[in-house]
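This is structure_15.cif. It holds mmCIF, C-alpha atoms.
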data_target
#
loop_
_atom_site.label_atom_id
_atom_site.label_comp_id
_atom_site.auth_asym_id
_atom_site.auth_seq_id
_atom_site.Cartn_x
_atom_site.Cartn_y
_atom_site.Cartn_z
CA MET A 1 12.44 -1.06 18.83
CA ALA A 2 11.25 1.60 16.41
CA LEU A 3 9.28 0.17 13.49
CA THR A 4 7.54 1.88 10.57
CA VAL A 5 4.78 0.14 8.63
CA GLY A 6 2.94 1.47 5.59
CA THR A 7 0.50 0.75 2.79
CA PHE A 8 0.80 1.85 -0.84
CA ASN A 9 -1.16 0.96 -3.97
CA LEU A 10 1.50 0.77 -6.69
CA ASN A 11 -1.11 0.87 -9.50
CA ASN A 12 -0.62 -1.91 -12.04
CA LEU A 13 2.90 -3.09 -11.34
CA PHE A 14 2.77 -5.63 -14.15
CA ASP A 15 5.43 -7.99 -15.47
CA ARG A 16 4.97 -6.97 -19.09
CA TRP A 17 6.78 -5.00 -21.74
CA ASN A 18 5.23 -2.02 -23.45
CA PHE A 19 4.86 -2.43 -27.18
CA ALA A 20 3.17 -0.86 -30.18
CA GLY A 21 0.07 -2.49 -31.63
CA ALA A 22 -2.28 -1.88 -34.52
CA VAL A 23 -5.63 -3.29 -35.57
CA ASP A 24 -5.38 -4.35 -39.20
CA VAL A 25 -9.06 -4.19 -40.13
CA LEU A 26 -12.23 -2.85 -38.58
CA ALA A 27 -14.53 -5.25 -36.81
CA GLN A 28 -17.56 -6.30 -38.85
CA GLY A 29 -20.10 -8.00 -36.64
CA THR A 30 -17.45 -9.54 -34.38
CA SER A 31 -15.15 -8.45 -31.61
CA THR A 32 -12.24 -10.43 -33.05
CA VAL A 33 -10.03 -8.69 -35.61
CA PRO A 34 -6.51 -9.29 -36.97
CA ALA A 35 -3.82 -7.18 -35.30
CA THR A 36 -0.06 -6.70 -35.46
CA TYR A 37 2.28 -6.05 -32.54
CA THR A 38 5.80 -4.69 -32.45
CA PHE A 39 7.93 -5.57 -29.42
CA ASP A 40 10.99 -3.81 -28.08
CA ASP A 41 12.46 -7.19 -27.13
CA GLU A 42 11.63 -10.13 -29.38
CA HIS A 43 12.85 -12.56 -26.73
CA ARG A 44 10.06 -11.68 -24.34
CA ARG A 45 6.60 -11.59 -25.90
CA ARG A 46 3.59 -11.77 -23.62
CA LEU A 47 0.06 -10.64 -24.32
CA GLN A 48 -2.61 -10.68 -21.63
CA LEU A 49 -6.13 -9.30 -21.58
CA ASP A 50 -8.23 -8.39 -18.59
CA GLY A 51 -11.79 -9.61 -18.12
CA ARG A 52 -13.13 -6.79 -20.31
CA GLY A 53 -10.80 -7.56 -23.22
CA LYS A 54 -8.44 -4.67 -22.46
CA LEU A 55 -4.78 -5.32 -23.19
CA LEU A 56 -2.67 -5.23 -20.02
CA VAL A 57 0.75 -3.62 -20.34
CA SER A 58 3.51 -2.64 -17.95
CA LYS A 59 3.72 0.76 -16.30
CA LYS A 60 5.49 3.53 -18.13
CA PRO A 61 9.15 3.67 -17.04
CA GLU A 62 8.75 7.18 -15.69
CA ASP A 63 5.77 6.09 -13.57
CA THR A 64 7.69 3.12 -12.17
CA ASP A 65 10.62 5.39 -11.36
CA ARG A 66 8.36 7.86 -9.58
CA VAL A 67 6.66 5.16 -7.50
CA ALA A 68 10.09 3.90 -6.45
CA GLU A 69 11.19 7.42 -5.56
CA ARG A 70 8.14 7.87 -3.34
CA LEU A 71 8.83 4.59 -1.55
CA LEU A 72 12.47 5.43 -0.95
CA THR A 73 11.63 8.93 0.28
CA ALA A 74 9.26 7.51 2.89
CA ASP A 75 12.01 5.14 4.11
CA VAL A 76 9.56 2.69 5.72
CA ASP A 77 10.60 -0.64 7.25
CA VAL A 78 7.60 -2.71 6.14
CA TRP A 79 5.31 -1.98 3.19
CA VAL A 80 2.05 -3.71 2.34
CA VAL A 81 1.68 -2.99 -1.38
CA GLN A 82 -1.25 -3.58 -3.70
CA GLU A 83 -1.70 -4.15 -7.44
CA VAL A 84 1.41 -6.31 -7.92
CA GLU A 85 1.14 -9.01 -10.57
CA ASN A 86 3.51 -11.59 -9.10
CA ILE A 87 6.56 -12.21 -6.95
CA ASP A 88 8.96 -11.88 -9.89
CA VAL A 89 7.91 -8.35 -10.77
CA LEU A 90 8.12 -7.21 -7.13
CA ARG A 91 11.60 -8.74 -6.77
CA GLU A 92 12.69 -7.04 -9.97
CA PHE A 93 11.20 -3.74 -8.81
CA ASN A 94 13.03 -4.02 -5.48
CA ARG A 95 16.30 -4.97 -7.17
CA GLU A 96 16.33 -2.50 -10.05
CA HIS A 97 14.33 0.46 -8.71
CA LEU A 98 14.74 0.29 -4.93
CA ASN A 99 18.42 -0.71 -4.99
CA GLY A 100 17.60 -3.88 -3.07
CA ALA A 101 16.45 -1.88 -0.05
CA TYR A 102 14.16 -4.67 1.13
CA GLN A 103 15.71 -8.04 1.93
CA HIS A 104 12.36 -9.77 2.38
CA VAL A 105 9.85 -9.77 -0.49
CA MET A 106 6.60 -11.73 -0.56
CA VAL A 107 3.66 -12.10 -2.97
CA ILE A 108 1.03 -14.85 -3.02
CA ASP A 109 -1.15 -15.15 -6.12
CA GLY A 110 -4.70 -14.21 -5.14
CA ASN A 111 -8.16 -14.42 -6.64
CA ASP A 112 -8.10 -11.52 -9.13
CA ALA A 113 -8.86 -13.14 -12.48
CA THR A 114 -9.48 -9.84 -14.29
CA ARG A 115 -6.38 -7.72 -13.72
CA PHE A 116 -4.21 -10.34 -11.95
CA ILE A 117 -3.26 -7.91 -9.18
CA ASP A 118 -2.07 -9.23 -5.83
CA ILE A 119 -0.91 -8.06 -2.40
CA GLY A 120 2.79 -7.94 -1.67
CA ILE A 121 5.15 -7.31 1.24
CA LEU A 122 8.44 -5.41 1.15
CA SER A 123 10.25 -5.70 4.48
CA ARG A 124 13.60 -4.87 6.01
CA ARG A 125 12.60 -6.91 9.03
CA PRO A 126 12.58 -10.71 8.84
CA ILE A 127 9.25 -12.26 7.92
CA GLY A 128 7.89 -15.27 9.80
CA GLY A 129 4.71 -17.12 8.97
CA VAL A 130 2.61 -15.96 6.01
CA THR A 131 -1.04 -16.95 5.58
CA SER A 132 -3.38 -16.32 2.65
CA TYR A 133 -7.13 -16.27 3.25
CA GLN A 134 -8.11 -16.32 -0.41
CA ARG A 135 -10.10 -19.54 0.05
CA VAL A 136 -12.37 -18.17 2.80
CA PHE A 137 -16.12 -18.06 2.14
CA HIS A 138 -18.88 -15.83 3.49
CA PRO A 139 -21.98 -17.67 4.79
CA GLU A 140 -24.24 -15.66 2.48
CA VAL A 141 -22.03 -16.40 -0.55
CA PRO A 142 -21.03 -20.04 -0.07
CA LYS A 143 -20.13 -20.85 -3.67
CA ARG A 144 -17.21 -18.50 -4.28
CA PRO A 145 -14.38 -17.04 -2.16
CA ILE A 146 -15.35 -13.76 -0.53
CA PHE A 147 -12.08 -11.95 -1.29
CA SER A 148 -11.86 -10.77 -4.89
CA ARG A 149 -8.12 -10.35 -4.27
CA ASP A 150 -6.92 -11.62 -0.90
CA LEU A 151 -6.35 -11.08 2.79
CA VAL A 152 -2.82 -11.95 3.91
CA GLU A 153 -1.45 -12.33 7.42
CA VAL A 154 2.29 -11.75 7.91
CA GLU A 155 4.42 -12.11 11.02
CA ILE A 156 7.12 -9.43 11.38
CA LEU A 157 10.04 -10.68 13.50
CA ASP A 158 12.55 -8.90 15.70
CA SER A 159 16.32 -9.39 15.57
CA ARG A 160 16.04 -12.53 17.73
CA GLY A 161 13.47 -14.15 15.48
CA ARG A 162 10.56 -13.48 17.84
CA LYS A 163 7.23 -12.15 16.57
CA ALA A 164 7.11 -8.39 17.06
CA LEU A 165 3.95 -7.62 15.12
CA THR A 166 1.28 -9.26 13.01
CA VAL A 167 0.23 -7.41 9.85
CA PHE A 168 -2.98 -8.12 7.96
CA GLY A 169 -2.98 -6.70 4.43
CA THR A 170 -5.87 -6.52 1.99
CA HIS A 171 -7.37 -4.85 -1.08
CA LEU A 172 -11.16 -4.67 -1.04
CA LYS A 173 -13.61 -4.55 -3.93
CA SER A 174 -13.35 -1.38 -6.03
CA LYS A 175 -16.11 1.20 -6.38
CA PHE A 176 -15.51 1.22 -10.13
CA VAL A 177 -18.62 0.44 -12.15
CA ASP A 178 -18.60 -0.14 -15.89
CA PHE A 179 -21.36 2.20 -16.96
CA THR A 180 -22.00 0.14 -20.07
CA VAL A 181 -23.72 -2.42 -17.85
CA ALA A 182 -27.51 -2.53 -17.96
CA ASN A 183 -28.01 -1.20 -14.40
CA PRO A 184 -25.04 0.79 -13.04
CA VAL A 185 -26.90 1.64 -9.81
CA ALA A 186 -27.49 -2.02 -9.05
CA ALA A 187 -23.88 -2.83 -9.93
CA ALA A 188 -22.61 -0.17 -7.50
CA ALA A 189 -24.87 -1.54 -4.76
CA GLU A 190 -23.58 -5.05 -5.43
CA ALA A 191 -19.97 -3.85 -5.16
CA GLU A 192 -20.71 -2.10 -1.86
CA LEU A 193 -22.36 -5.24 -0.50
CA LEU A 194 -19.25 -7.23 -1.43
CA ARG A 195 -16.98 -4.72 0.34
CA THR A 196 -19.21 -4.95 3.40
CA ARG A 197 -19.01 -8.73 3.44
CA GLN A 198 -15.26 -8.62 2.90
CA ALA A 199 -14.81 -6.24 5.86
CA ASP A 200 -17.08 -8.41 8.03
CA THR A 201 -15.04 -11.49 7.08
CA ILE A 202 -11.76 -9.76 7.91
CA VAL A 203 -13.05 -8.88 11.37
CA ARG A 204 -14.23 -12.46 11.88
CA ILE A 205 -10.83 -13.86 10.85
CA ILE A 206 -8.90 -11.44 13.07
CA ALA A 207 -11.16 -12.24 16.03
CA ALA A 208 -10.41 -15.95 15.57
CA ARG A 209 -6.66 -15.37 15.26
CA MET A 210 -5.93 -12.52 17.68
CA SER A 211 -6.84 -11.22 21.11
CA SER A 212 -7.17 -7.56 22.13
CA ARG A 213 -3.89 -7.94 24.06
CA GLN A 214 -1.90 -8.76 20.94
CA ARG A 215 -0.07 -6.32 18.69
CA TYR A 216 -1.49 -6.38 15.19
CA LEU A 217 -2.69 -4.02 12.51
CA LEU A 218 -4.85 -4.14 9.40
CA CYS A 219 -3.93 -2.05 6.39
CA GLY A 220 -4.46 -1.77 2.66
CA ASP A 221 -6.59 -0.22 -0.06
CA MET A 222 -10.13 -0.42 1.35
CA ASN A 223 -11.77 1.37 -1.60
CA ASP A 224 -14.08 3.16 0.85
CA THR A 225 -13.79 5.69 3.65
CA PRO A 226 -13.22 4.75 7.32
CA GLU A 227 -16.68 6.00 8.34
CA SER A 228 -18.52 4.29 5.45
CA PRO A 229 -21.22 1.72 6.23
CA ALA A 230 -19.22 -0.90 4.31
CA LEU A 231 -16.33 -0.63 6.78
CA ALA A 232 -18.39 -0.21 9.95
CA ALA A 233 -17.26 -3.59 11.25
CA TYR A 234 -13.69 -2.32 11.76
CA ALA A 235 -14.47 0.25 14.44
CA GLN A 236 -17.21 -1.92 15.92
CA SER A 237 -14.64 -4.68 16.49
CA GLY A 238 -12.38 -2.34 18.47
CA LEU A 239 -9.88 -1.49 15.73
CA VAL A 240 -8.64 2.10 15.83
CA ASN A 241 -8.02 4.26 12.76
CA ALA A 242 -4.37 5.38 12.93
CA LEU A 243 -4.75 8.05 10.24
CA THR A 244 -7.24 10.48 11.77
CA ALA A 245 -4.66 13.30 11.94
CA PRO A 246 -1.63 12.34 9.84
CA THR A 247 1.39 14.51 9.12
CA GLU A 248 1.87 15.30 5.43
CA ILE A 249 5.28 14.61 3.96
CA GLY A 250 5.75 16.78 0.87
CA ALA A 251 3.14 18.94 -0.80
CA VAL A 252 1.01 18.69 -3.91
CA LYS A 253 1.35 21.54 -6.40
CA THR A 254 -2.13 22.59 -7.49
CA THR A 255 -4.48 25.54 -7.73
CA VAL A 256 -7.34 23.35 -6.52
CA GLU A 257 -8.52 24.05 -2.99
CA LEU A 258 -7.41 21.15 -0.81
CA PRO A 259 -9.38 19.90 2.19
CA ALA A 260 -8.57 21.22 5.64
CA SER A 261 -7.85 17.73 6.91
CA PRO A 262 -4.76 15.97 5.49
CA ALA A 263 -6.45 12.57 6.02
CA TRP A 264 -6.82 11.63 2.34
CA THR A 265 -4.88 9.39 -0.02
CA SER A 266 -7.06 9.46 -3.14
CA THR A 267 -8.86 12.15 -5.11
CA PHE A 268 -11.47 11.88 -7.85
CA LYS A 269 -13.28 14.37 -10.09
CA GLY A 270 -16.46 13.03 -11.63
CA ALA A 271 -18.10 14.80 -14.58
CA GLY A 272 -20.15 17.71 -13.26
CA GLN A 273 -19.26 16.80 -9.67
CA PRO A 274 -17.03 18.49 -7.08
CA ARG A 275 -13.68 16.87 -6.50
CA SER A 276 -13.61 14.38 -3.64
CA PHE A 277 -10.67 13.66 -1.35
CA ASP A 278 -10.92 10.32 0.43
CA LEU A 279 -8.89 8.21 2.82
CA ILE A 280 -9.22 4.85 1.12
CA ASP A 281 -5.71 3.63 2.00
CA GLN A 282 -5.95 2.88 5.69
CA ILE A 283 -4.15 1.54 8.76
CA TRP A 284 -6.18 0.15 11.66
CA LEU A 285 -4.57 -0.71 15.01
CA SER A 286 -5.38 -3.31 17.64
CA PRO A 287 -6.17 -1.85 21.10
CA ALA A 288 -2.81 -3.11 22.38
CA LEU A 289 -0.95 -1.29 19.60
CA VAL A 290 -2.59 2.12 20.06
CA PRO A 291 -0.35 3.24 22.98
CA ARG A 292 2.69 2.39 20.87
CA LEU A 293 1.73 4.69 17.98
CA LYS A 294 4.32 7.47 17.73
CA GLY A 295 3.27 9.11 14.49
CA ALA A 296 1.16 8.77 11.32
CA PHE A 297 2.14 10.09 7.90
CA ILE A 298 0.93 10.46 4.32
CA GLY A 299 3.45 11.01 1.53
CA ARG A 300 1.91 13.70 -0.60
CA ARG A 301 1.98 13.48 -4.38
CA LYS A 302 3.56 16.18 -6.54
CA LYS A 303 0.74 16.18 -9.10
CA LEU A 304 -2.92 16.05 -8.11
CA ALA A 305 -4.16 13.71 -10.85
CA ARG A 306 -1.52 11.00 -10.41
CA ASP A 307 2.13 10.75 -9.54
CA GLY A 308 3.25 7.33 -10.69
CA THR A 309 0.04 6.07 -9.08
CA ASP A 310 -3.24 7.74 -8.17
CA HIS A 311 -2.78 6.80 -4.50
CA ASP A 312 -0.66 8.35 -1.77
CA PRO A 313 1.32 6.12 0.59
CA ALA A 314 0.39 6.10 4.27
CA TRP A 315 2.54 4.85 7.12
CA ILE A 316 2.90 4.86 10.88
CA SER A 317 5.75 4.81 13.36
CA LEU A 318 5.54 2.38 16.28
CA ASP A 319 7.57 1.86 19.42
CA ILE A 320 7.80 -1.93 19.70
#
structure tokens encoding of this file:
Amino acid sequence: MALTVGTFNLNNLFDRWNFAGAVDVLAQGTSTVPATYTFDDEHRRRLQLDGRGKLLVSKKPEDTDRVAERLLTADVDVWVVQEVENIDVLREFNREHLNGAYQHVMVIDGNDATRFIDIGILSRRPIGGVTSYQRVFHPEVPKRPIFSRDLVEVEILDSRGRKALTVFGTHLKSKFVDFTVANPVAAAAEAELLRTRQADTIVRIIAARMSSRQRYLLCGDMNDTPESPALAAYAQSGLVNALTAPTEIGAVKTTVELPASPAWTSTFKGAGQPRSFDLIDQIWLSPALVPRLKGAFIGRRKKLARDGTDHDPAWISLDI
């Protein structure tokens, strides 16, 4: 059986309407000020702020359309998607933007209390058991769950209802640091330590659940590169990076010099710094799955800065 599996960060797929807002007066010694809001639809009014007080709104329609176009172009059987607010918005996205291409849709609310972004599954294949590991703790951080979002385990079934593949999907701690904090360097180090502990915990969970003879993969937005110290546990555990030499589907239009290797899904240009191209969206294979890998692909964006999202989708083809 041929099976394609991919990962794609949809970038803030929120269940909210865009609206116009205005602050009525300037703040005077307080962060609370009167404001007015104008909604396109008075029957659906929802305001939500993230942990920094920023108003969260839905994606622009053109960005949502472009993300959907990129998914449909890739034509993948099973997607692990990140930055989805809830099951309703993913169902609506599948129904209205993907023409119902995926019969099986899954989202479990995770731990993100700042942006409310979760991990979702879009699958043409039947889904069996689904497990969330959001309530797992690291021994060095016993008082709060180690995953700032989640780690999910999903069984992908064949036409007879038998397990064909186990998929682990995750979204690790971001490298983003709010440079208004007192010590940005310390904050960046703390974020890296959390990613390291998250990766270590994932490896520990997989080792308890799987054997090297079983077919499984780990994928998602790792927010770090495959060779980074934070993700060292992956290769050390025997997982194999499936995206070392991917085939590019499409081409980005830019005058910027692109790296020789196509193994990148994210690009960033810091002030006064050279542009970086990193593979932060990854797919790792179990030893038993490696011989069944038939191809690896990255769907290239049209615009370098962002193309509906600032991530590129990555997927693999398996013979199962």
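Taking atom CA of A:Ser228 and atom CA of A:Thr247 as the two end points, the separation is 22.7 Å.
Applied to this file, the PyMOL selection byres ((chain A and resi 132-134) around 7) selects the residues A:Gly110, A:Asn111, A:Val130, A:Thr131, A:Arg135, A:Val136, A:Pro145, A:Phe147, A:Asp150, A:Leu151, A:Val152, A:Glu153.
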**OP:** Determine the residue membership of the PyMOL selection byres ((chain A and resi 199-204) around 8) for the file above and supply it as a PyMOL selection string.
**Re:** chain A and resi 138+146+151+172+195-198+205-208+230-231+233-234+237
Output file for the selection above: C-alpha atoms, as a PDB file, in the frame of the given file:
ATOM      1  CA  HIS A 138     -18.880 -15.830   3.490  1.00  0.00           C
ATOM      2  CA  ILE A 146     -15.350 -13.760  -0.530  1.00  0.00           C
ATOM      3  CA  LEU A 151      -6.350 -11.080   2.790  1.00  0.00           C
ATOM      4  CA  LEU A 172     -11.160  -4.670  -1.040  1.00  0.00           C
ATOM      5  CA  ARG A 195     -16.980  -4.720   0.340  1.00  0.00           C
ATOM      6  CA  THR A 196     -19.210  -4.950   3.400  1.00  0.00           C
ATOM      7  CA  ARG A 197     -19.010  -8.730   3.440  1.00  0.00           C
ATOM      8  CA  GLN A 198     -15.260  -8.620   2.900  1.00  0.00           C
ATOM      9  CA  ILE A 205     -10.830 -13.860  10.850  1.00  0.00           C
ATOM     10  CA  ILE A 206      -8.900 -11.440  13.070  1.00  0.00           C
ATOM     11  CA  ALA A 207     -11.160 -12.240  16.030  1.00  0.00           C
ATOM     12  CA  ALA A 208     -10.410 -15.950  15.570  1.00  0.00           C
ATOM     13  CA  ALA A 230     -19.220  -0.900   4.310  1.00  0.00           C
ATOM     14  CA  LEU A 231     -16.330  -0.630   6.780  1.00  0.00           C
ATOM     15  CA  ALA A 233     -17.260  -3.590  11.250  1.00  0.00           C
ATOM     16  CA  TYR A 234     -13.690  -2.320  11.760  1.00  0.00           C
ATOM     17  CA  SER A 237     -14.640  -4.680  16.490  1.00  0.00           C
TER      18      SER A 237
END
**OP:** Would you write out, as JSON, numbers by chain, every residue that the PyMOL selection byres ((chain A and resi 246) around 6) captures in this file?
**Re:** {"A": [243, 245, 247, 296, 297]}
Taking C-alpha atoms for each residue, export the selection above as a compact mmCIF listing (two decimals), keeping the file's coordinate frame.
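The new file result22.txt reads:
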# COMPACT_ATOMS: atom_id res chain seq x y z
CA LEU A 243 -4.75 8.05 10.24
CA ALA A 245 -4.66 13.30 11.94
CA THR A 247 1.39 14.51 9.12
CA ALA A 296 1.16 8.77 11.32
CA PHE A 297 2.14 10.09 7.90
**OP:** Would you list the contacts of A:Asn9 as number ranges by chain, taking every protein, DNA or RNA residue within 7 Å and counting all atoms listed in the file, but skipping same-chain residues closer than 6 positions in sequence?
**Re:** A: 81-83, 221, 311
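Remark: for A:Ile283, the closest of the candidate residues A:Arg306, A:Gly120, A:Ala251, A:Cys219 is A:Cys219 (distances computed over all atoms listed in the file).
Minimum distance to A:Leu218 across A:Pro184, A:Gln103, A:Val5, A:Phe179 (counting only C-alpha atoms) occurs at A:Val5.
Comparing A:Ala2, A:Leu289, A:Ala113, A:Ile320 by their smallest distance to A:Arg213, the closest is A:Leu289 (using all atoms listed in the file).
Our summary of the geometry notes that atom CA of A:Thr7 is positioned 25.6 Å from atom CA of A:Glu257.
Taking atom CA of A:Val78 and atom CA of A:Ser123 as the two end points, the separation is 4.3 Å.
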**OP:** Mind checking which residues fall within 8 Å of A:Val67, counting all atoms listed in the file, ignoring those fewer than 6 positions away in the same chain, and posting them as a ChimeraX atom specification?
**Re:** /A:10,307-309
Write out N, CA and C atoms for stretch 4-17 of chain A, as a JSON list (two decimals), in the frame of the given file.
[["chain", "number", "residue", "atom", "x", "y", "z"],
["A", 4, "THR", "N", 8.50, 1.17, 11.42],
["A", 4, "THR", "CA", 7.54, 1.88, 10.57],
["A", 4, "THR", "C", 6.88, 0.88, 9.62],
["A", 5, "VAL", "N", 5.57, 1.03, 9.47],
["A", 5, "VAL", "CA", 4.78, 0.14, 8.63],
["A", 5, "VAL", "C", 3.85, 0.99, 7.77],
["A", 6, "GLY", "N", 3.76, 0.67, 6.48],
["A", 6, "GLY", "CA", 2.94, 1.47, 5.59],
["A", 6, "GLY", "C", 2.19, 0.67, 4.56],
["A", 7, "THR", "N", 1.27, 1.35, 3.87],
["A", 7, "THR", "CA", 0.50, 0.75, 2.79],
["A", 7, "THR", "C", 0.56, 1.67, 1.58],
["A", 8, "PHE", "N", 0.68, 1.06, 0.39],
["A", 8, "PHE", "CA", 0.80, 1.85, -0.84],
["A", 8, "PHE", "C", 0.28, 1.03, -2.01],
["A", 9, "ASN", "N", -0.67, 1.58, -2.74],
["A", 9, "ASN", "CA", -1.16, 0.96, -3.97],
["A", 9, "ASN", "C", -0.25, 1.40, -5.11],
["A", 10, "LEU", "N", 0.51, 0.45, -5.68],
["A", 10, "LEU", "CA", 1.50, 0.77, -6.69],
["A", 10, "LEU", "C", 0.90, 0.96, -8.08],
["A", 11, "ASN", "N", -0.38, 0.63, -8.25],
["A", 11, "ASN", "CA", -1.11, 0.87, -9.50],
["A", 11, "ASN", "C", -0.51, 0.13, -10.70],
["A", 12, "ASN", "N", -0.97, -1.12, -10.85],
["A", 12, "ASN", "CA", -0.62, -1.91, -12.04],
["A", 12, "ASN", "C", 0.89, -2.14, -12.21],
["A", 13, "LEU", "N", 1.50, -2.71, -11.20],
["A", 13, "LEU", "CA", 2.90, -3.09, -11.34],
["A", 13, "LEU", "C", 2.92, -4.46, -12.02],
["A", 14, "PHE", "N", 2.90, -4.42, -13.35],
["A", 14, "PHE", "CA", 2.77, -5.63, -14.15],
["A", 14, "PHE", "C", 4.12, -6.08, -14.68],
["A", 15, "ASP", "N", 4.22, -7.39, -14.92],
["A", 15, "ASP", "CA", 5.43, -7.99, -15.47],
["A", 15, "ASP", "C", 5.30, -8.10, -16.99],
["A", 16, "ARG", "N", 5.18, -6.96, -17.64],
["A", 16, "ARG", "CA", 4.97, -6.97, -19.09],
["A", 16, "ARG", "C", 5.74, -5.82, -19.72],
["A", 17, "TRP", "N", 6.08, -6.03, -20.98],
["A", 17, "TRP", "CA", 6.78, -5.00, -21.74],
["A", 17, "TRP", "C", 5.76, -4.16, -22.49]]
